[in-house]
>>> print(open('my_file_25.cif').read())   # mmCIF, C-alpha atoms
data_data
#
loop_
_atom_site.group_PDB
_atom_site.id
_atom_site.type_symbol
_atom_site.label_atom_id
_atom_site.label_comp_id
_atom_site.auth_asym_id
_atom_site.auth_seq_id
_atom_site.Cartn_x
_atom_site.Cartn_y
_atom_site.Cartn_z
ATOM 1 C CA MET A 61 -56.557 -116.129 -135.982
ATOM 2 C CA GLY A 62 -56.077 -114.145 -139.174
ATOM 3 C CA PHE A 63 -55.415 -110.811 -137.501
ATOM 4 C CA LYS A 64 -52.637 -112.125 -135.279
ATOM 5 C CA ASN A 65 -51.084 -114.246 -138.023
ATOM 6 C CA GLY A 66 -50.704 -111.790 -140.856
ATOM 7 C CA LEU A 67 -52.420 -108.409 -140.601
ATOM 8 C CA ARG A 68 -50.872 -105.089 -139.705
ATOM 9 C CA PRO A 69 -51.265 -103.877 -136.083
ATOM 10 C CA PHE A 70 -53.963 -101.406 -137.101
ATOM 11 C CA ILE A 71 -57.514 -101.557 -135.692
ATOM 12 C CA GLY A 72 -60.486 -99.384 -136.609
ATOM 13 C CA LEU A 73 -63.418 -98.843 -134.234
ATOM 14 C CA ASP A 74 -66.770 -97.493 -135.290
ATOM 15 C CA GLY A 75 -70.475 -97.619 -134.503
ATOM 16 C CA THR A 76 -73.639 -97.309 -136.572
ATOM 17 C CA PHE A 77 -77.378 -97.193 -135.860
ATOM 18 C CA LEU A 78 -79.616 -100.121 -136.725
ATOM 19 C CA LYS A 79 -82.343 -99.376 -139.263
ATOM 20 C CA GLY A 80 -85.054 -101.730 -137.963
ATOM 21 C CA LYS A 81 -87.525 -101.575 -135.098
ATOM 22 C CA ALA A 82 -84.820 -102.206 -132.499
ATOM 23 C CA LYS A 83 -83.276 -98.805 -131.743
ATOM 24 C CA ARG A 84 -79.825 -100.121 -130.967
ATOM 25 C CA GLN A 85 -76.304 -99.551 -132.225
ATOM 26 C CA LEU A 86 -73.849 -101.916 -133.876
ATOM 27 C CA LEU A 87 -70.249 -101.561 -132.695
ATOM 28 C CA ILE A 88 -67.664 -102.804 -135.185
ATOM 29 C CA VAL A 89 -63.957 -103.626 -134.964
ATOM 30 C CA VAL A 90 -62.083 -104.007 -138.259
ATOM 31 C CA ALA A 91 -58.530 -104.411 -139.511
ATOM 32 C CA LEU A 92 -56.974 -104.104 -142.969
ATOM 33 C CA ASP A 93 -55.129 -106.727 -144.973
ATOM 34 C CA SER A 94 -52.173 -106.018 -147.257
ATOM 35 C CA MET A 95 -54.523 -105.083 -150.120
ATOM 36 C CA ASN A 96 -56.356 -102.576 -147.889
ATOM 37 C CA HIS A 97 -59.397 -104.853 -147.829
ATOM 38 C CA LEU A 98 -61.500 -104.547 -144.694
ATOM 39 C CA TYR A 99 -61.056 -107.482 -142.335
ATOM 40 C CA PRO A 100 -63.896 -107.571 -139.770
ATOM 41 C CA ILE A 101 -62.696 -108.792 -136.382
ATOM 42 C CA ALA A 102 -65.649 -108.426 -134.032
ATOM 43 C CA ARG A 103 -69.093 -106.836 -133.740
ATOM 44 C CA VAL A 104 -71.739 -106.440 -131.068
ATOM 45 C CA VAL A 105 -75.146 -104.817 -130.657
ATOM 46 C CA VAL A 106 -75.550 -102.469 -127.666
ATOM 47 C CA ASP A 107 -78.261 -100.124 -126.379
ATOM 48 C CA LYS A 108 -76.105 -97.031 -126.901
ATOM 49 C CA GLU A 109 -72.582 -96.158 -128.008
ATOM 50 C CA THR A 110 -71.061 -94.953 -124.753
ATOM 51 C CA LYS A 111 -67.750 -95.123 -122.929
ATOM 52 C CA VAL A 112 -69.137 -97.962 -120.812
ATOM 53 C CA THR A 113 -70.220 -100.116 -123.773
ATOM 54 C CA TRP A 114 -66.969 -99.493 -125.640
ATOM 55 C CA THR A 115 -64.898 -100.317 -122.548
ATOM 56 C CA TRP A 116 -66.798 -103.580 -122.075
ATOM 57 C CA PHE A 117 -66.464 -104.480 -125.766
ATOM 58 C CA LEU A 118 -62.765 -103.642 -125.967
ATOM 59 C CA THR A 119 -62.041 -105.584 -122.794
ATOM 60 C CA LEU A 120 -63.466 -108.674 -124.499
ATOM 61 C CA LEU A 121 -61.480 -107.847 -127.654
ATOM 62 C CA ASN A 122 -58.302 -107.475 -125.619
ATOM 63 C CA ASN A 123 -58.838 -110.891 -124.070
ATOM 64 C CA LEU A 124 -59.471 -112.400 -127.503
ATOM 65 C CA LEU A 125 -56.426 -110.895 -129.252
ATOM 66 C CA ASP A 126 -54.125 -110.659 -126.204
ATOM 67 C CA LEU A 127 -53.378 -106.987 -126.897
ATOM 68 C CA LYS A 128 -52.297 -106.381 -123.281
ATOM 69 C CA LEU A 129 -51.810 -102.597 -122.891
ATOM 70 C CA GLY A 130 -51.866 -102.063 -126.652
ATOM 71 C CA GLY A 131 -48.169 -101.347 -127.181
ATOM 72 C CA GLY A 132 -47.263 -101.515 -130.886
ATOM 73 C CA TYR A 133 -50.876 -101.214 -132.068
ATOM 74 C CA THR A 134 -52.659 -98.227 -133.573
ATOM 75 C CA PHE A 135 -56.362 -97.678 -132.916
ATOM 76 C CA MET A 136 -58.402 -95.412 -135.178
ATOM 77 C CA SER A 137 -61.578 -94.054 -133.592
ATOM 78 C CA ASP A 138 -63.476 -90.898 -132.661
ATOM 79 C CA MET A 139 -62.500 -91.148 -128.981
ATOM 80 C CA HIS A 140 -59.590 -92.488 -126.942
ATOM 81 C CA LYS A 141 -60.114 -95.952 -125.504
ATOM 82 C CA ALA A 142 -58.610 -96.435 -122.046
ATOM 83 C CA VAL A 143 -58.537 -100.241 -122.260
ATOM 84 C CA VAL A 144 -55.322 -100.063 -124.330
ATOM 85 C CA PRO A 145 -53.471 -97.043 -122.864
ATOM 86 C CA ASP A 146 -50.140 -97.790 -124.588
ATOM 87 C CA ALA A 147 -51.653 -97.995 -128.081
ATOM 88 C CA HIS A 148 -51.149 -95.245 -130.616
ATOM 89 C CA HIS A 149 -54.294 -93.347 -131.520
ATOM 90 C CA ARG A 150 -55.533 -91.928 -134.807
ATOM 91 C CA TYR A 151 -58.722 -89.991 -135.415
ATOM 92 C CA TYR A 152 -60.966 -90.386 -138.421
ATOM 93 C CA VAL A 153 -60.502 -87.436 -140.752
ATOM 94 C CA ARG A 154 -64.256 -86.740 -140.580
ATOM 95 C CA HIS A 155 -64.098 -86.291 -136.803
ATOM 96 C CA ILE A 156 -61.012 -84.085 -137.048
ATOM 97 C CA GLU A 157 -62.825 -81.877 -139.541
ATOM 98 C CA THR A 158 -66.035 -81.538 -137.504
ATOM 99 C CA ASN A 159 -64.555 -81.310 -134.011
ATOM 100 C CA TRP A 160 -61.245 -79.499 -134.312
ATOM 101 C CA CYS A 161 -62.406 -75.905 -134.501
ATOM 102 C CA ARG A 162 -65.017 -76.406 -131.795
ATOM 103 C CA ARG A 163 -62.550 -77.925 -129.327
ATOM 104 C CA CYS A 164 -59.308 -76.134 -130.049
ATOM 105 C CA GLY A 165 -59.603 -73.152 -132.331
ATOM 106 C CA ALA A 166 -57.401 -72.506 -135.327
ATOM 107 C CA GLY A 167 -54.695 -70.866 -133.263
ATOM 108 C CA ASP A 168 -53.904 -74.143 -131.477
ATOM 109 C CA LEU A 169 -53.540 -76.170 -134.662
ATOM 110 C CA ARG A 170 -49.838 -75.425 -135.020
ATOM 111 C CA LYS A 171 -49.211 -76.368 -131.385
ATOM 112 C CA LYS A 172 -51.131 -79.642 -131.494
ATOM 113 C CA ALA A 173 -50.458 -80.868 -135.023
ATOM 114 C CA TYR A 174 -48.385 -83.818 -133.899
ATOM 115 C CA PHE A 175 -49.620 -87.000 -135.539
ATOM 116 C CA ASP A 176 -48.675 -90.627 -135.035
ATOM 117 C CA THR A 177 -45.734 -91.518 -137.266
ATOM 118 C CA VAL A 178 -45.190 -95.019 -135.877
ATOM 119 C CA CYS A 179 -48.033 -96.550 -137.873
ATOM 120 C CA LYS A 180 -47.275 -96.221 -141.588
ATOM 121 C CA ASN A 181 -50.830 -97.039 -142.634
ATOM 122 C CA GLN A 182 -52.362 -94.076 -144.472
ATOM 123 C CA GLN A 183 -55.948 -95.009 -143.612
ATOM 124 C CA VAL A 184 -58.002 -92.114 -142.192
ATOM 125 C CA ASP A 185 -61.551 -92.754 -143.449
ATOM 126 C CA ASN A 186 -64.491 -93.815 -141.307
ATOM 127 C CA ASN A 187 -65.372 -97.253 -142.659
ATOM 128 C CA GLU A 188 -67.970 -95.895 -145.095
ATOM 129 C CA SER A 189 -67.296 -98.856 -147.374
ATOM 130 C CA LEU A 190 -68.106 -101.219 -144.501
ATOM 131 C CA HIS A 191 -71.312 -99.353 -143.716
ATOM 132 C CA SER A 192 -72.485 -99.571 -147.324
ATOM 133 C CA TRP A 193 -71.493 -103.255 -147.422
ATOM 134 C CA ILE A 194 -73.816 -104.162 -144.542
ATOM 135 C CA LEU A 195 -76.550 -101.599 -145.287
ATOM 136 C CA ASP A 196 -78.895 -104.170 -146.831
ATOM 137 C CA VAL A 197 -79.130 -106.171 -143.585
ATOM 138 C CA MET A 198 -79.287 -103.314 -141.056
ATOM 139 C CA HIS A 199 -83.113 -103.262 -141.068
ATOM 140 C CA LYS A 200 -83.462 -106.928 -140.052
ATOM 141 C CA PRO A 201 -84.064 -108.313 -136.542
ATOM 142 C CA ILE A 202 -80.852 -108.406 -134.499
ATOM 143 C CA ILE A 203 -80.168 -112.162 -134.601
ATOM 144 C CA ARG A 204 -80.952 -112.396 -138.326
ATOM 145 C CA MET A 205 -78.779 -109.354 -139.053
ATOM 146 C CA LEU A 206 -75.784 -110.743 -137.164
ATOM 147 C CA GLU A 207 -76.148 -114.093 -138.909
ATOM 148 C CA ASP A 208 -76.288 -112.413 -142.345
ATOM 149 C CA ILE A 209 -73.178 -110.378 -141.517
ATOM 150 C CA ARG A 210 -71.391 -113.567 -140.458
ATOM 151 C CA VAL A 211 -72.167 -115.175 -143.824
ATOM 152 C CA LYS A 212 -71.089 -112.017 -145.660
ATOM 153 C CA VAL A 213 -67.755 -112.043 -143.839
ATOM 154 C CA MET A 214 -67.233 -115.736 -144.553
ATOM 155 C CA ASN A 215 -67.854 -115.271 -148.291
ATOM 156 C CA MET A 216 -65.708 -112.141 -148.439
ATOM 157 C CA LEU A 217 -62.720 -113.886 -146.869
ATOM 158 C CA ARG A 218 -63.072 -116.790 -149.295
ATOM 159 C CA GLU A 219 -63.048 -114.368 -152.253
ATOM 160 C CA HIS A 220 -59.954 -112.617 -150.940
ATOM 161 C CA GLU A 221 -58.182 -115.949 -150.494
ATOM 162 C CA GLY A 222 -58.912 -116.669 -154.149
ATOM 163 C CA ASP A 223 -57.375 -113.333 -155.142
ATOM 164 C CA VAL A 224 -54.147 -114.281 -153.356
ATOM 165 C CA MET A 225 -53.727 -117.224 -155.722
ATOM 166 C CA THR A 226 -53.367 -114.759 -158.640
ATOM 167 C CA TRP A 227 -50.454 -112.852 -157.098
ATOM 168 C CA THR A 228 -47.195 -112.999 -159.075
ATOM 169 C CA GLU A 229 -45.003 -111.972 -156.107
ATOM 170 C CA ASN A 230 -44.703 -113.119 -152.512
ATOM 171 C CA LEU A 231 -46.079 -109.735 -151.460
ATOM 172 C CA SER A 232 -49.437 -108.242 -152.412
ATOM 173 C CA PRO A 233 -49.806 -106.125 -155.598
ATOM 174 C CA HIS A 234 -50.650 -103.093 -153.438
ATOM 175 C CA THR A 235 -47.459 -103.562 -151.416
ATOM 176 C CA MET A 236 -45.356 -103.928 -154.558
ATOM 177 C CA GLN A 237 -46.928 -100.785 -156.032
ATOM 178 C CA LEU A 238 -45.910 -98.816 -152.946
ATOM 179 C CA TYR A 239 -42.424 -100.334 -153.080
ATOM 180 C CA TYR A 240 -41.846 -99.233 -156.676
ATOM 181 C CA GLN A 241 -43.223 -95.767 -155.957
ATOM 182 C CA PHE A 242 -40.761 -95.290 -153.107
ATOM 183 C CA LEU A 243 -37.956 -96.856 -155.143
ATOM 184 C CA ASN A 244 -38.560 -94.380 -157.982
ATOM 185 C CA SER A 245 -38.644 -91.482 -155.526
ATOM 186 C CA ALA A 246 -35.451 -92.634 -153.766
ATOM 187 C CA GLN A 247 -33.477 -92.685 -157.005
ATOM 188 C CA LYS A 248 -34.027 -88.933 -157.391
ATOM 189 C CA GLY A 249 -32.469 -88.030 -154.044
ATOM 190 C CA ILE A 250 -28.912 -87.033 -153.163
ATOM 191 C CA VAL A 251 -27.655 -89.077 -150.221
ATOM 192 C CA ASP A 252 -24.798 -88.178 -147.857
ATOM 193 C CA SER A 253 -23.689 -90.161 -144.801
ATOM 194 C CA ASN A 254 -23.829 -88.258 -141.513
ATOM 195 C CA ARG A 255 -21.635 -90.890 -139.788
ATOM 196 C CA GLN A 256 -24.211 -91.297 -137.014
ATOM 197 C CA ASP A 257 -26.030 -94.459 -138.025
ATOM 198 C CA GLY A 258 -27.823 -92.645 -140.796
ATOM 199 C CA TYR A 259 -27.861 -90.383 -143.825
ATOM 200 C CA GLU A 260 -28.952 -86.963 -145.005
ATOM 201 C CA VAL A 261 -31.195 -86.988 -148.062
ATOM 202 C CA ASN A 262 -31.771 -84.015 -150.360
ATOM 203 C CA GLU A 263 -34.681 -84.353 -152.757
ATOM 204 C CA GLY A 264 -33.773 -81.344 -154.855
ATOM 205 C CA THR A 265 -34.984 -78.726 -152.375
ATOM 206 C CA PHE A 266 -33.295 -76.622 -149.714
ATOM 207 C CA GLU A 267 -34.564 -78.966 -147.025
ATOM 208 C CA LYS A 268 -32.634 -82.068 -146.064
ATOM 209 C CA HIS A 269 -34.124 -85.050 -144.278
ATOM 210 C CA ARG A 270 -32.159 -87.078 -141.747
ATOM 211 C CA VAL A 271 -32.655 -90.836 -141.902
ATOM 212 C CA HIS A 272 -31.728 -92.972 -138.891
ATOM 213 C CA ILE A 273 -31.221 -96.510 -140.134
ATOM 214 C CA LEU A 274 -31.263 -98.319 -136.770
ATOM 215 C CA LEU A 275 -34.382 -96.535 -135.500
ATOM 216 C CA LYS A 276 -36.062 -96.687 -138.940
ATOM 217 C CA LYS A 277 -37.047 -93.039 -138.666
ATOM 218 C CA CYS A 278 -36.780 -90.003 -140.904
ATOM 219 C CA THR A 279 -37.378 -86.322 -140.170
ATOM 220 C CA CYS A 280 -39.761 -86.216 -143.142
ATOM 221 C CA ARG A 281 -42.143 -88.168 -140.820
ATOM 222 C CA THR A 282 -43.253 -90.409 -143.700
#
>>> encode(input="my_file_25.cif", output="structure tokens")
Amino acid sequence: MGFKNGLRPFIGLDGTFLKGKAKRQLLIVVALDSMNHLYPIARVVVDKETKVTWTWFLTLLNNLLDLKLGGGYTFMSDMHKAVVPDAHHRYYVRHIETNWCRRCGAGDLRKKAYFDTVCKNQQVDNNESLHSWILDVMHKPIIRMLEDIRVKVMNMLREHEGDVMTWTENLSPHTMQLYYQFLNSAQKGIVDSNRQDGYEVNEGTFEKHRVHILLKKCTCRT
């Protein structure tokens, strides 16, 4: 399967209302490829988006992808999913914006502003591009809609495979762009060994960052 063979361990979960006569909801599971293209993994139509329907859906997904307890994976959603308790969790920026003040209050922001630094994927949007991509079929009967989405996914993957044939490197153009950005930034830093499996890096400010080579971590949290 494509996700297990080559995609990053990053999974987005979202739901959207159907536009037709059937007042149901479409639950969607997506990943991202190395060009940040959406990679749909699974979808299902349910009566309502609830903890019960998500638990059922994610149990099936877990069996399909063999995620076990979710260790090493990051899930991005508007609620925590108990099916994969060891997975890292990231909220959509839209849900952080709308729910933070109501739940916590501004005074707690400094105490709770600890974000997942294991997953280096910068994605924080809410799949709006996916929603717009399937908008033209959301009004159709359920079976017809799911079949049209299947064909859309099939054609999209074929187009992306064609794009790969134009790459000039073994890695994707997006990956190489990030590499050169970090390379350019690294050349501006002053590096000193701390003799503890790492280095201290000064980027021209009063603050130094400690890099641990073996753990692949840095106090800059990037």
>>> resolve_selection(input="my_file_25.cif", expression="the PyMOL selection byres ((chain A and resi 277-279) around 12)", output="PyMOL selection string")
chain A and resi 177-180+257-262+267-276+280-282
>>> write_last_selection(input="my_file_25.cif", atoms="C-alpha atoms", output="tab-separated table (two decimals), in the coordinates of the input")
chain	number	residue	atom	x	y	z
A	177	THR	CA	-45.73	-91.52	-137.27
A	178	VAL	CA	-45.19	-95.02	-135.88
A	179	CYS	CA	-48.03	-96.55	-137.87
A	180	LYS	CA	-47.28	-96.22	-141.59
A	257	ASP	CA	-26.03	-94.46	-138.02
A	258	GLY	CA	-27.82	-92.64	-140.80
A	259	TYR	CA	-27.86	-90.38	-143.82
A	260	GLU	CA	-28.95	-86.96	-145.00
A	261	VAL	CA	-31.20	-86.99	-148.06
A	262	ASN	CA	-31.77	-84.02	-150.36
A	267	GLU	CA	-34.56	-78.97	-147.02
A	268	LYS	CA	-32.63	-82.07	-146.06
A	269	HIS	CA	-34.12	-85.05	-144.28
A	270	ARG	CA	-32.16	-87.08	-141.75
A	271	VAL	CA	-32.66	-90.84	-141.90
A	272	HIS	CA	-31.73	-92.97	-138.89
A	273	ILE	CA	-31.22	-96.51	-140.13
A	274	LEU	CA	-31.26	-98.32	-136.77
A	275	LEU	CA	-34.38	-96.54	-135.50
A	276	LYS	CA	-36.06	-96.69	-138.94
A	280	CYS	CA	-39.76	-86.22	-143.14
A	281	ARG	CA	-42.14	-88.17	-140.82
A	282	THR	CA	-43.25	-90.41	-143.70
>>> atom_distance(input="my_file_25.cif", atom1="atom CA of A:Asn244", atom2="atom CA of A:Gly264")
14.2 Å
>>> axis_aligned_box(input="my_file_25.cif", around="stretch 104-108 of chain A", padding_each_side="8 Å", output="lines of an AutoDock Vina configuration file")
center_x = -75.0
center_y = -101.7
center_z = -128.7
size_x = 22.5
size_y = 25.4
size_z = 20.7
>>> closest_residue(input="my_file_25.cif", among="A:Met136, A:Leu238, A:Leu124, A:Leu67", to="A:His97", atoms="only C-alpha atoms")
A:Leu67
>>> resolve_selection(input="my_file_25.cif", expression="the PyMOL selection byres ((chain A and resi 187-196) around 10)", output="list in words")
Gly72, Leu73, Asp74, Gly75, Thr76, Leu78, Lys79, Ile88, Val90, His97, Leu98, Tyr99, Pro100, Tyr152, Gln183, Val184, Asp185, Asn186, Val197, Met198, His199, Lys200, Met205, Asp208, Ile209, Lys212 and Val213 of chain A
>>> resolve_selection(input="my_file_25.cif", expression="the PyMOL selection byres ((chain A and resi 103) around 9)", output="PyMOL selection string")
chain A and resi 86-90+100-102+104-105+117+206
>>> closest_residue(input="my_file_25.cif", among="A:Asn122, A:Ala147, A:Ile202, A:Asp93", to="A:Asn65", atoms="all atoms listed in the file")
A:Asp93
>>> atom_distance(input="my_file_25.cif", atom1="atom CA of A:Val106", atom2="atom CA of A:Arg204")
15.5 Å
>>> atom_distance(input="my_file_25.cif", atom1="atom CA of A:Pro145", atom2="atom CA of A:Lys128")
9.4 Å
>>> closest_residue(input="my_file_25.cif", among="A:Ser137, A:Asn254, A:Ser94, A:Gln85", to="A:Pro233", atoms="only C-alpha atoms")
A:Ser94
